[in-house]
file coords10.cif (mmCIF, C-alpha atoms)
data_run
loop_
_atom_site.label_atom_id
_atom_site.label_comp_id
_atom_site.auth_asym_id
_atom_site.auth_seq_id
_atom_site.Cartn_x
_atom_site.Cartn_y
_atom_site.Cartn_z
CA MET A 188 13.19 -4.92 -4.98
CA HIS A 189 9.96 -3.16 -5.79
CA VAL A 190 6.29 -3.03 -4.80
CA HIS A 191 4.69 -5.93 -6.67
CA HIS A 192 1.12 -5.31 -5.57
CA ILE A 193 -1.17 -3.67 -3.02
CA ALA A 194 -4.04 -5.97 -2.06
CA ILE A 195 -7.36 -4.44 -1.01
CA ALA A 196 -10.10 -6.54 0.59
CA VAL A 197 -13.56 -5.61 -0.71
CA HIS A 198 -17.11 -6.91 -0.40
CA ASP A 199 -18.02 -6.57 -4.07
CA LEU A 200 -15.58 -6.57 -7.00
CA ASP A 201 -17.92 -4.79 -9.39
CA ALA A 202 -18.56 -1.97 -6.91
CA ALA A 203 -14.83 -1.64 -6.25
CA LEU A 204 -14.07 -1.64 -10.00
CA ALA A 205 -16.64 1.12 -10.47
CA PHE A 206 -14.31 3.22 -8.32
CA TYR A 207 -10.79 2.04 -9.18
CA ARG A 208 -11.37 1.51 -12.90
CA ASP A 209 -14.21 3.79 -13.90
CA ALA A 210 -13.76 6.75 -11.53
CA LEU A 211 -10.03 6.69 -10.73
CA GLY A 212 -9.19 5.62 -14.29
CA MET A 213 -7.06 2.53 -13.69
CA ILE A 214 -6.89 -0.20 -16.32
CA GLU A 215 -8.59 -3.48 -15.46
CA GLY A 216 -6.41 -6.50 -16.10
CA ASP A 217 -7.15 -10.12 -15.39
CA ARG A 218 -10.00 -11.22 -13.12
CA ARG A 219 -10.24 -14.74 -11.78
CA GLU A 220 -11.14 -16.98 -8.90
CA VAL A 221 -8.20 -18.38 -6.95
CA PRO A 222 -9.80 -21.19 -4.95
CA ALA A 223 -6.47 -22.09 -3.28
CA GLU A 224 -6.49 -18.62 -1.70
CA GLY A 225 -10.23 -18.51 -1.20
CA VAL A 226 -10.66 -15.32 -3.22
CA GLU A 227 -11.86 -13.83 -6.45
CA VAL A 228 -9.27 -11.28 -7.60
CA ALA A 229 -9.41 -8.36 -10.02
CA PHE A 230 -5.98 -7.07 -11.06
CA LEU A 231 -5.38 -3.42 -11.96
CA PRO A 232 -1.81 -3.01 -13.23
CA MET A 233 -0.22 0.40 -12.68
CA GLY A 234 3.44 0.95 -13.61
CA GLU A 235 5.62 -1.79 -12.15
CA SER A 236 2.99 -2.54 -9.47
CA GLU A 237 -0.67 -3.48 -9.44
CA ILE A 238 -3.71 -3.10 -7.27
CA GLU A 239 -5.36 -6.42 -6.43
CA LEU A 240 -8.98 -6.31 -5.32
CA LEU A 241 -9.74 -9.37 -3.20
CA LYS A 242 -13.25 -10.66 -2.59
CA PRO A 243 -13.54 -13.68 -0.29
CA LEU A 244 -15.20 -16.77 -1.78
CA ASP A 245 -16.24 -17.76 1.74
CA PRO A 246 -17.08 -15.22 4.49
CA GLY A 247 -15.39 -17.54 7.02
CA ASN A 248 -11.92 -17.50 5.43
CA SER A 249 -9.12 -15.11 6.37
CA ILE A 250 -10.14 -12.35 3.93
CA GLY A 251 -13.77 -12.75 4.98
CA ARG A 252 -12.84 -12.42 8.64
CA PHE A 253 -10.65 -9.40 7.86
CA LEU A 254 -13.66 -7.72 6.22
CA GLU A 255 -15.93 -8.56 9.12
CA LYS A 256 -13.45 -7.25 11.68
CA ARG A 257 -11.89 -4.24 9.94
CA GLY A 258 -14.12 -3.48 6.98
CA GLU A 259 -12.85 -2.86 3.47
CA GLY A 260 -9.28 -1.66 3.12
CA ILE A 261 -5.68 -2.59 2.41
CA HIS A 262 -5.07 -6.20 3.40
CA HIS A 263 -1.37 -6.51 2.52
CA ILE A 264 1.41 -5.14 0.36
CA CYS A 265 3.73 -7.39 -1.60
CA VAL A 266 7.41 -6.73 -2.24
CA LEU A 267 9.27 -8.54 -5.02
CA VAL A 268 12.65 -9.82 -3.84
CA GLU A 269 15.46 -11.61 -5.64
CA ASP A 270 16.13 -14.31 -3.06
CA ILE A 271 13.26 -15.07 -0.70
CA GLU A 272 15.29 -17.41 1.54
CA ALA A 273 18.06 -14.86 2.00
CA THR A 274 15.48 -12.16 2.76
CA ILE A 275 13.75 -14.37 5.33
CA GLU A 276 17.06 -15.28 6.93
CA GLN A 277 17.94 -11.60 7.24
CA LEU A 278 14.46 -10.81 8.63
CA LYS A 279 14.73 -13.56 11.25
CA ALA A 280 18.25 -12.44 12.17
CA GLY A 281 16.74 -9.00 12.76
CA GLY A 282 14.16 -10.51 15.12
CA ALA A 283 11.22 -10.44 12.69
CA GLN A 284 8.56 -13.14 12.78
CA MET A 285 7.17 -14.77 9.65
CA ALA A 286 3.47 -15.74 9.34
CA GLY A 287 3.70 -19.28 8.00
CA GLU A 288 6.16 -20.97 5.66
CA VAL A 289 7.24 -20.27 2.08
CA ARG A 290 4.62 -21.53 -0.38
CA GLU A 291 4.49 -21.71 -4.16
CA HIS A 292 1.96 -20.54 -6.75
CA ALA A 293 1.20 -22.72 -9.78
CA ASN A 294 3.44 -20.47 -11.92
CA GLY A 295 6.44 -21.13 -9.69
CA THR A 296 6.39 -17.80 -7.83
CA ARG A 297 7.35 -18.45 -4.22
CA TYR A 298 5.83 -16.35 -1.48
CA ALA A 299 5.79 -15.86 2.27
CA PHE A 300 4.30 -13.37 4.71
CA VAL A 301 6.02 -11.31 7.38
CA HIS A 302 3.90 -11.04 10.51
CA PRO A 303 2.40 -7.55 10.84
CA LYS A 304 3.60 -7.35 14.45
CA SER A 305 7.16 -7.32 13.14
CA ALA A 306 6.42 -4.94 10.27
CA HIS A 307 4.85 -2.15 12.32
CA GLY A 308 1.27 -3.07 11.57
CA VAL A 309 1.68 -3.98 7.90
CA LEU A 310 1.13 -7.47 6.52
CA ILE A 311 4.02 -7.79 4.04
CA GLU A 312 4.12 -10.51 1.44
CA LEU A 313 7.43 -11.42 -0.17
CA TYR A 314 7.48 -12.69 -3.77
CA GLN A 315 10.26 -14.38 -5.66
CA HIS A 316 9.54 -15.14 -9.30
CA ALA A 317 10.48 -18.55 -10.65
CA ASP A 318 13.05 -17.02 -13.01
CA ALA A 319 14.83 -14.95 -10.34
CA GLN A 320 18.41 -15.86 -9.37
CA MET B 141 -0.06 6.51 -13.41
CA HIS B 142 1.92 4.60 -10.84
CA VAL B 143 2.18 4.08 -7.10
CA HIS B 144 4.23 7.03 -5.86
CA HIS B 145 4.42 5.98 -2.22
CA ILE B 146 2.92 3.90 0.55
CA ALA B 147 2.78 5.82 3.83
CA ILE B 148 3.01 3.91 7.10
CA ALA B 149 2.24 5.59 10.43
CA VAL B 150 4.68 4.53 13.17
CA HIS B 151 5.44 5.48 16.76
CA ASP B 152 9.22 5.50 16.41
CA LEU B 153 11.16 6.05 13.16
CA ASP B 154 14.34 4.35 14.40
CA ALA B 155 12.47 1.23 15.48
CA ALA B 156 10.64 1.12 12.15
CA LEU B 157 13.91 1.62 10.22
CA ALA B 158 15.44 -1.27 12.18
CA PHE B 159 12.81 -3.41 10.44
CA TYR B 160 12.36 -1.83 6.99
CA ARG B 161 16.00 -0.93 6.39
CA ASP B 162 18.08 -3.32 8.49
CA ALA B 163 15.94 -6.48 8.49
CA LEU B 164 13.96 -6.20 5.24
CA GLY B 165 16.94 -4.66 3.44
CA MET B 166 15.41 -1.50 1.99
CA ILE B 167 17.61 1.52 1.31
CA GLU B 168 17.09 4.54 3.55
CA GLY B 169 16.75 7.78 1.63
CA ASP B 170 16.02 11.21 2.98
CA ARG B 171 14.73 11.79 6.51
CA ARG B 172 13.24 15.10 7.56
CA GLU B 173 10.65 16.93 9.58
CA VAL B 174 7.72 18.33 7.60
CA PRO B 175 6.13 20.75 10.08
CA ALA B 176 3.40 21.71 7.57
CA GLU B 177 2.19 18.08 7.68
CA GLY B 178 2.97 17.63 11.37
CA VAL B 179 5.27 14.66 10.76
CA GLU B 180 8.84 13.47 10.68
CA VAL B 181 9.26 11.29 7.59
CA ALA B 182 11.83 8.68 6.60
CA PHE B 183 11.79 7.79 2.90
CA LEU B 184 12.75 4.34 1.63
CA PRO B 185 12.79 4.38 -2.18
CA MET B 186 12.04 1.06 -3.88
CA GLY B 187 11.76 0.91 -7.68
CA GLU B 188 9.43 3.63 -8.96
CA SER B 189 7.71 3.87 -5.53
CA GLU B 190 8.81 4.48 -1.98
CA ILE B 191 7.81 3.61 1.53
CA GLU B 192 7.28 6.67 3.72
CA LEU B 193 7.44 6.13 7.46
CA LEU B 194 5.44 8.86 9.20
CA LYS B 195 5.91 9.78 12.83
CA PRO B 196 3.60 12.47 14.20
CA LEU B 197 5.29 15.55 15.64
CA ASP B 198 2.26 16.05 17.87
CA PRO B 199 0.15 13.17 19.24
CA GLY B 200 -2.96 15.30 18.74
CA ASN B 201 -2.62 15.73 14.97
CA SER B 202 -4.23 13.48 12.36
CA ILE B 203 -1.37 10.94 12.21
CA GLY B 204 -1.19 10.91 16.02
CA ARG B 205 -4.90 10.25 16.27
CA PHE B 206 -4.66 7.54 13.61
CA LEU B 207 -2.00 5.80 15.71
CA GLU B 208 -4.02 6.12 18.87
CA LYS B 209 -7.15 4.74 17.23
CA ARG B 210 -5.77 2.10 14.86
CA GLY B 211 -2.19 1.47 15.92
CA GLU B 212 0.73 1.38 13.51
CA GLY B 213 -0.02 0.51 9.90
CA ILE B 214 -0.63 1.82 6.42
CA HIS B 215 -2.04 5.34 6.56
CA HIS B 216 -2.47 6.03 2.84
CA ILE B 217 -1.24 5.18 -0.63
CA CYS B 218 -0.33 7.81 -3.18
CA VAL B 219 -0.90 7.54 -6.91
CA LEU B 220 0.96 9.80 -9.33
CA VAL B 221 -1.36 11.21 -11.98
CA GLU B 222 -0.75 13.40 -15.00
CA ASP B 223 -3.61 15.83 -14.49
CA ILE B 224 -4.94 16.08 -10.95
CA GLU B 225 -7.90 18.31 -11.88
CA ALA B 226 -9.04 15.96 -14.64
CA THR B 227 -8.69 12.99 -12.28
CA ILE B 228 -10.72 14.74 -9.57
CA GLU B 229 -13.39 15.72 -12.07
CA GLN B 230 -13.68 12.12 -13.22
CA LEU B 231 -13.78 10.90 -9.60
CA LYS B 232 -16.55 13.34 -8.71
CA ALA B 233 -18.48 12.41 -11.84
CA GLY B 234 -18.27 8.81 -10.63
CA GLY B 235 -19.75 9.84 -7.28
CA ALA B 236 -16.50 9.80 -5.28
CA GLN B 237 -15.93 12.24 -2.44
CA MET B 238 -12.65 14.10 -1.95
CA ALA B 239 -11.22 14.78 1.53
CA GLY B 240 -10.32 18.47 1.30
CA GLU B 241 -9.06 20.60 -1.54
CA VAL B 242 -6.01 20.41 -3.80
CA ARG B 243 -2.95 21.69 -1.97
CA GLU B 244 0.65 22.32 -3.04
CA HIS B 245 4.01 21.26 -1.62
CA ALA B 246 6.94 23.69 -1.61
CA ASN B 247 8.41 21.89 -4.67
CA GLY B 248 5.26 22.56 -6.69
CA THR B 249 3.80 19.05 -6.43
CA ARG B 250 0.04 19.35 -6.12
CA TYR B 251 -1.87 16.82 -4.05
CA ALA B 252 -5.36 15.92 -2.89
CA PHE B 253 -6.95 13.06 -1.00
CA VAL B 254 -9.87 10.85 -2.01
CA HIS B 255 -12.08 10.04 0.96
CA PRO B 256 -11.61 6.42 2.07
CA LYS B 257 -15.38 5.90 2.08
CA SER B 258 -15.33 6.33 -1.68
CA ALA B 259 -12.18 4.22 -2.18
CA HIS B 260 -13.37 1.09 -0.37
CA GLY B 261 -11.55 1.80 2.88
CA VAL B 262 -8.31 3.16 1.40
CA LEU B 263 -7.13 6.74 1.87
CA ILE B 264 -5.78 7.58 -1.59
CA GLU B 265 -3.58 10.58 -2.20
CA LEU B 266 -3.24 11.93 -5.72
CA TYR B 267 0.02 13.60 -6.76
CA GLN B 268 0.75 15.72 -9.78
CA HIS B 269 4.34 16.83 -10.18
CA ALA B 270 5.03 20.45 -11.11
CA ASP B 271 6.54 19.41 -14.45
CA ALA B 272 3.62 17.21 -15.54
CA GLN B 273 1.46 18.30 -18.48
#

call {"tool": "encode", "arguments": {"input": "coords10.cif", "output": "structure tokens"}}
result
Amino acid sequence: MHVHHIAIAVHDLDAALAFYRDALGMIEGDRREVPAEGVEVAFLPMGESEIELLKPLDPGNSIGRFLEKRGEGIHHICVLVEDIEATIEQLKAGGAQMAGEVREHANGTRYAFVHPKSAHGVLIELYQHADAQ
Amino acid sequence: MHVHHIAIAVHDLDAALAFYRDALGMIEGDRREVPAEGVEVAFLPMGESEIELLKPLDPGNSIGRFLEKRGEGIHHICVLVEDIEATIEQLKAGGAQMAGEVREHANGTRYAFVHPKSAHGVLIELYQHADAQ
């Protein structure tokens, strides 16, 4: 179990990279549009984790509405787990609510979100890589 | 450079541990009052990072006011750097504003905060351990 990424919603990827890459000194990794998620993402790997800068492709999607309501800032943190079903079962047994079902990225990584109401105000994403277990 | 910790402001440490430790399955580490910071902290190490649950000792201090204004949620993230002065110099050269001066924990770790206005809505703490450099 470790922190896989910290996702930050921003208005402008280049402006955010001017801070995180150029001023703070992080290394820029991949940058791509993820239409299925409605975002353009810039990845900044750092140790075993990475910062993900998220820019909405459409101001009306969930990241766009987050920006409109809360402004720029941390959108969610993602924790890598070994067995996402077992983790979800344990969360539900503990009374936690999930936000939606388990879904799958093209690379086979399966993911799900814990509702921030259950996680003391934090939107937590769970990741299980395809080669886990 | 890696994510040292993610700090989450909460109203009640035991209630938050019931989620992060018992339901999500994280391991509880140390738990202690840090009067100099005005908080009681529970540490949950995870890989090379840790989650820090912060409960204000006084509702009028900065964590207490954060909770009153924003509710529970991520208060800041902390990035471990090798040379805090060099990092700050580079940040300032890039136009970033710091929030206060460099301070020192009892164990010699030096720390400083980047103003969230400069970091696209994220309060970023910088850490340099006493044995770095």

call {"tool": "closest_atom_pairs", "arguments": {"input": "coords10.cif", "of": "chain A", "to": "chain B", "cutoff": "7 Å", "atoms": "all atoms listed in the file", "output": "Markdown table"}}
result
| residue | atom | partner | partner_atom | distance |
| --- | --- | --- | --- | --- |
| A:Met188 | CA | B:Met186 | CA | 6.2 |
| A:His189 | CA | B:Gly187 | CA | 4.8 |
| A:Val197 | CA | B:His260 | CA | 6.7 |
| A:Ala203 | CA | B:His260 | CA | 6.6 |
| A:Phe206 | CA | B:Ala259 | CA | 6.6 |
| A:Ala210 | CA | B:Leu231 | CA | 4.6 |
| A:Leu211 | CA | B:Leu231 | CA | 5.8 |
| A:Met233 | CA | B:His142 | CA | 5.1 |
| A:Gly234 | CA | B:His142 | CA | 4.8 |
| A:Glu259 | CA | B:Gly261 | CA | 4.9 |
| A:Gly260 | CA | B:Gly261 | CA | 4.1 |
| A:Ile261 | CA | B:Val262 | CA | 6.4 |
| A:Thr274 | CA | B:Leu164 | CA | 6.6 |
| A:Gln277 | CA | B:Ala163 | CA | 5.6 |
| A:Leu278 | CA | B:Ala163 | CA | 4.6 |
| A:Gly281 | CA | B:Ala163 | CA | 5.0 |
| A:Ala306 | CA | B:Phe159 | CA | 6.6 |
| A:His307 | CA | B:Glu212 | CA | 5.6 |
| A:Gly308 | CA | B:Gly213 | CA | 4.2 |
| A:Val309 | CA | B:Gly213 | CA | 5.2 |

call {"tool": "resolve_selection", "arguments": {"input": "coords10.cif", "expression": "the PyMOL selection byres ((chain B and resi 244) around 12)", "output": "PyMOL selection string"}}
result
chain B and resi 176-177+224+241-243+245-252+266-270

call {"tool": "residues_near_point", "arguments": {"input": "coords10.cif", "point": "(2.8, -14.2, 8.7)", "cutoff": "6 Å", "atoms": "only C-alpha atoms", "output": "ChimeraX atom specification"}}
result
/A:285-287,300-302

call {"tool": "atom_distance", "arguments": {"input": "coords10.cif", "atom1": "atom CA of Val226 of chain A", "atom2": "atom CA of Lys242 of chain A"}}
result
5.4 Å

call {"tool": "atom_distance", "arguments": {"input": "coords10.cif", "atom1": "atom CA of Leu194 of chain B", "atom2": "atom CA of Arg208 of chain A"}}
result
28.7 Å

call {"tool": "axis_aligned_box", "arguments": {"input": "coords10.cif", "around": "segment 217-226 of chain A", "padding_each_side": "5 Å", "output": "lines of an AutoDock Vina configuration file"}}
result
center_x = -8.8
center_y = -16.1
center_z = -8.3
size_x = 14.7
size_y = 22.0
size_z = 24.2

call {"tool": "atom_distance", "arguments": {"input": "coords10.cif", "atom1": "atom CA of Ile250 of chain A", "atom2": "atom CA of Phe206 of chain B"}}
result
22.8 Å

call {"tool": "build_atoms", "arguments": {"input": "coords10.cif", "residues": "segment 222-233 of chain B", "atoms": "all heavy atoms", "output": "CSV table (one decimal), in the coordinates of the input"}}
result
chain,number,residue,atom,x,y,z
B,222,GLU,N,-1.3,12.4,-14.1
B,222,GLU,CA,-0.8,13.4,-15.0
B,222,GLU,C,-1.5,14.7,-14.9
B,222,GLU,O,-0.9,15.8,-15.1
B,222,GLU,CB,-0.9,12.9,-16.5
B,222,GLU,CG,0.2,12.0,-16.8
B,222,GLU,CD,0.2,11.6,-18.3
B,222,GLU,OE1,-0.5,12.3,-19.1
B,222,GLU,OE2,0.8,10.6,-18.6
B,223,ASP,N,-2.8,14.6,-14.5
B,223,ASP,CA,-3.6,15.8,-14.5
B,223,ASP,C,-4.6,15.7,-13.3
B,223,ASP,O,-5.6,15.0,-13.4
B,223,ASP,CB,-4.4,16.0,-15.8
B,223,ASP,CG,-5.2,17.2,-15.9
B,223,ASP,OD1,-5.5,17.8,-14.8
B,223,ASP,OD2,-5.6,17.6,-17.0
B,224,ILE,N,-4.2,16.3,-12.2
B,224,ILE,CA,-4.9,16.1,-11.0
B,224,ILE,C,-6.4,16.6,-11.1
B,224,ILE,O,-7.3,16.0,-10.6
B,224,ILE,CB,-4.2,16.6,-9.7
B,224,ILE,CG1,-4.7,16.1,-8.4
B,224,ILE,CG2,-4.1,18.2,-9.7
B,224,ILE,CD1,-3.8,16.3,-7.2
B,225,GLU,N,-6.5,17.8,-11.7
B,225,GLU,CA,-7.9,18.3,-11.9
B,225,GLU,C,-8.8,17.4,-12.7
B,225,GLU,O,-9.9,17.1,-12.3
B,225,GLU,CB,-7.9,19.7,-12.5
B,225,GLU,CG,-7.9,20.8,-11.5
B,225,GLU,CD,-6.5,21.1,-10.9
B,225,GLU,OE1,-5.5,20.7,-11.6
B,225,GLU,OE2,-6.4,21.6,-9.8
B,226,ALA,N,-8.2,16.9,-13.8
B,226,ALA,CA,-9.0,16.0,-14.6
B,226,ALA,C,-9.4,14.7,-13.9
B,226,ALA,O,-10.5,14.2,-14.0
B,226,ALA,CB,-8.3,15.6,-15.9
B,227,THR,N,-8.4,14.2,-13.1
B,227,THR,CA,-8.7,13.0,-12.3
B,227,THR,C,-9.8,13.2,-11.3
B,227,THR,O,-10.7,12.4,-11.1
B,227,THR,CB,-7.4,12.5,-11.6
B,227,THR,OG1,-6.4,12.3,-12.6
B,227,THR,CG2,-7.6,11.2,-10.8
B,228,ILE,N,-9.7,14.4,-10.6
B,228,ILE,CA,-10.7,14.7,-9.6
B,228,ILE,C,-12.1,14.9,-10.2
B,228,ILE,O,-13.1,14.5,-9.7
B,228,ILE,CB,-10.3,16.0,-8.8
B,228,ILE,CG1,-9.1,15.7,-7.9
B,228,ILE,CG2,-11.4,16.5,-7.9
B,228,ILE,CD1,-8.4,16.9,-7.3
B,229,GLU,N,-12.1,15.5,-11.4
B,229,GLU,CA,-13.4,15.7,-12.1
B,229,GLU,C,-14.0,14.4,-12.4
B,229,GLU,O,-15.2,14.2,-12.2
B,229,GLU,CB,-13.1,16.5,-13.4
B,229,GLU,CG,-14.3,17.2,-13.9
B,229,GLU,CD,-13.9,18.2,-15.0
B,229,GLU,OE1,-13.0,19.1,-14.7
B,229,GLU,OE2,-14.5,18.2,-16.1
B,230,GLN,N,-13.2,13.5,-12.9
B,230,GLN,CA,-13.7,12.1,-13.2
B,230,GLN,C,-14.1,11.4,-12.0
B,230,GLN,O,-15.1,10.7,-12.0
B,230,GLN,CB,-12.5,11.4,-13.9
B,230,GLN,CG,-12.9,10.0,-14.5
B,230,GLN,CD,-11.7,9.4,-15.3
B,230,GLN,OE1,-11.6,9.6,-16.5
B,230,GLN,NE2,-10.9,8.7,-14.5
B,231,LEU,N,-13.4,11.5,-10.9
B,231,LEU,CA,-13.8,10.9,-9.6
B,231,LEU,C,-15.1,11.4,-9.1
B,231,LEU,O,-16.0,10.7,-8.7
B,231,LEU,CB,-12.7,11.2,-8.5
B,231,LEU,CG,-11.4,10.3,-8.6
B,231,LEU,CD1,-10.3,10.9,-7.8
B,231,LEU,CD2,-11.7,8.9,-8.2
B,232,LYS,N,-15.3,12.7,-9.2
B,232,LYS,CA,-16.6,13.3,-8.7
B,232,LYS,C,-17.7,12.9,-9.6
B,232,LYS,O,-18.8,12.7,-9.1
B,232,LYS,CB,-16.4,14.9,-8.6
B,232,LYS,CG,-15.6,15.3,-7.5
B,232,LYS,CD,-15.5,16.9,-7.4
B,232,LYS,CE,-14.8,17.3,-6.1
B,232,LYS,NZ,-14.5,18.8,-6.2
B,233,ALA,N,-17.4,12.8,-10.9
B,233,ALA,CA,-18.5,12.4,-11.8
B,233,ALA,C,-18.9,11.0,-11.5
B,233,ALA,O,-20.1,10.6,-11.7
B,233,ALA,CB,-18.0,12.5,-13.3
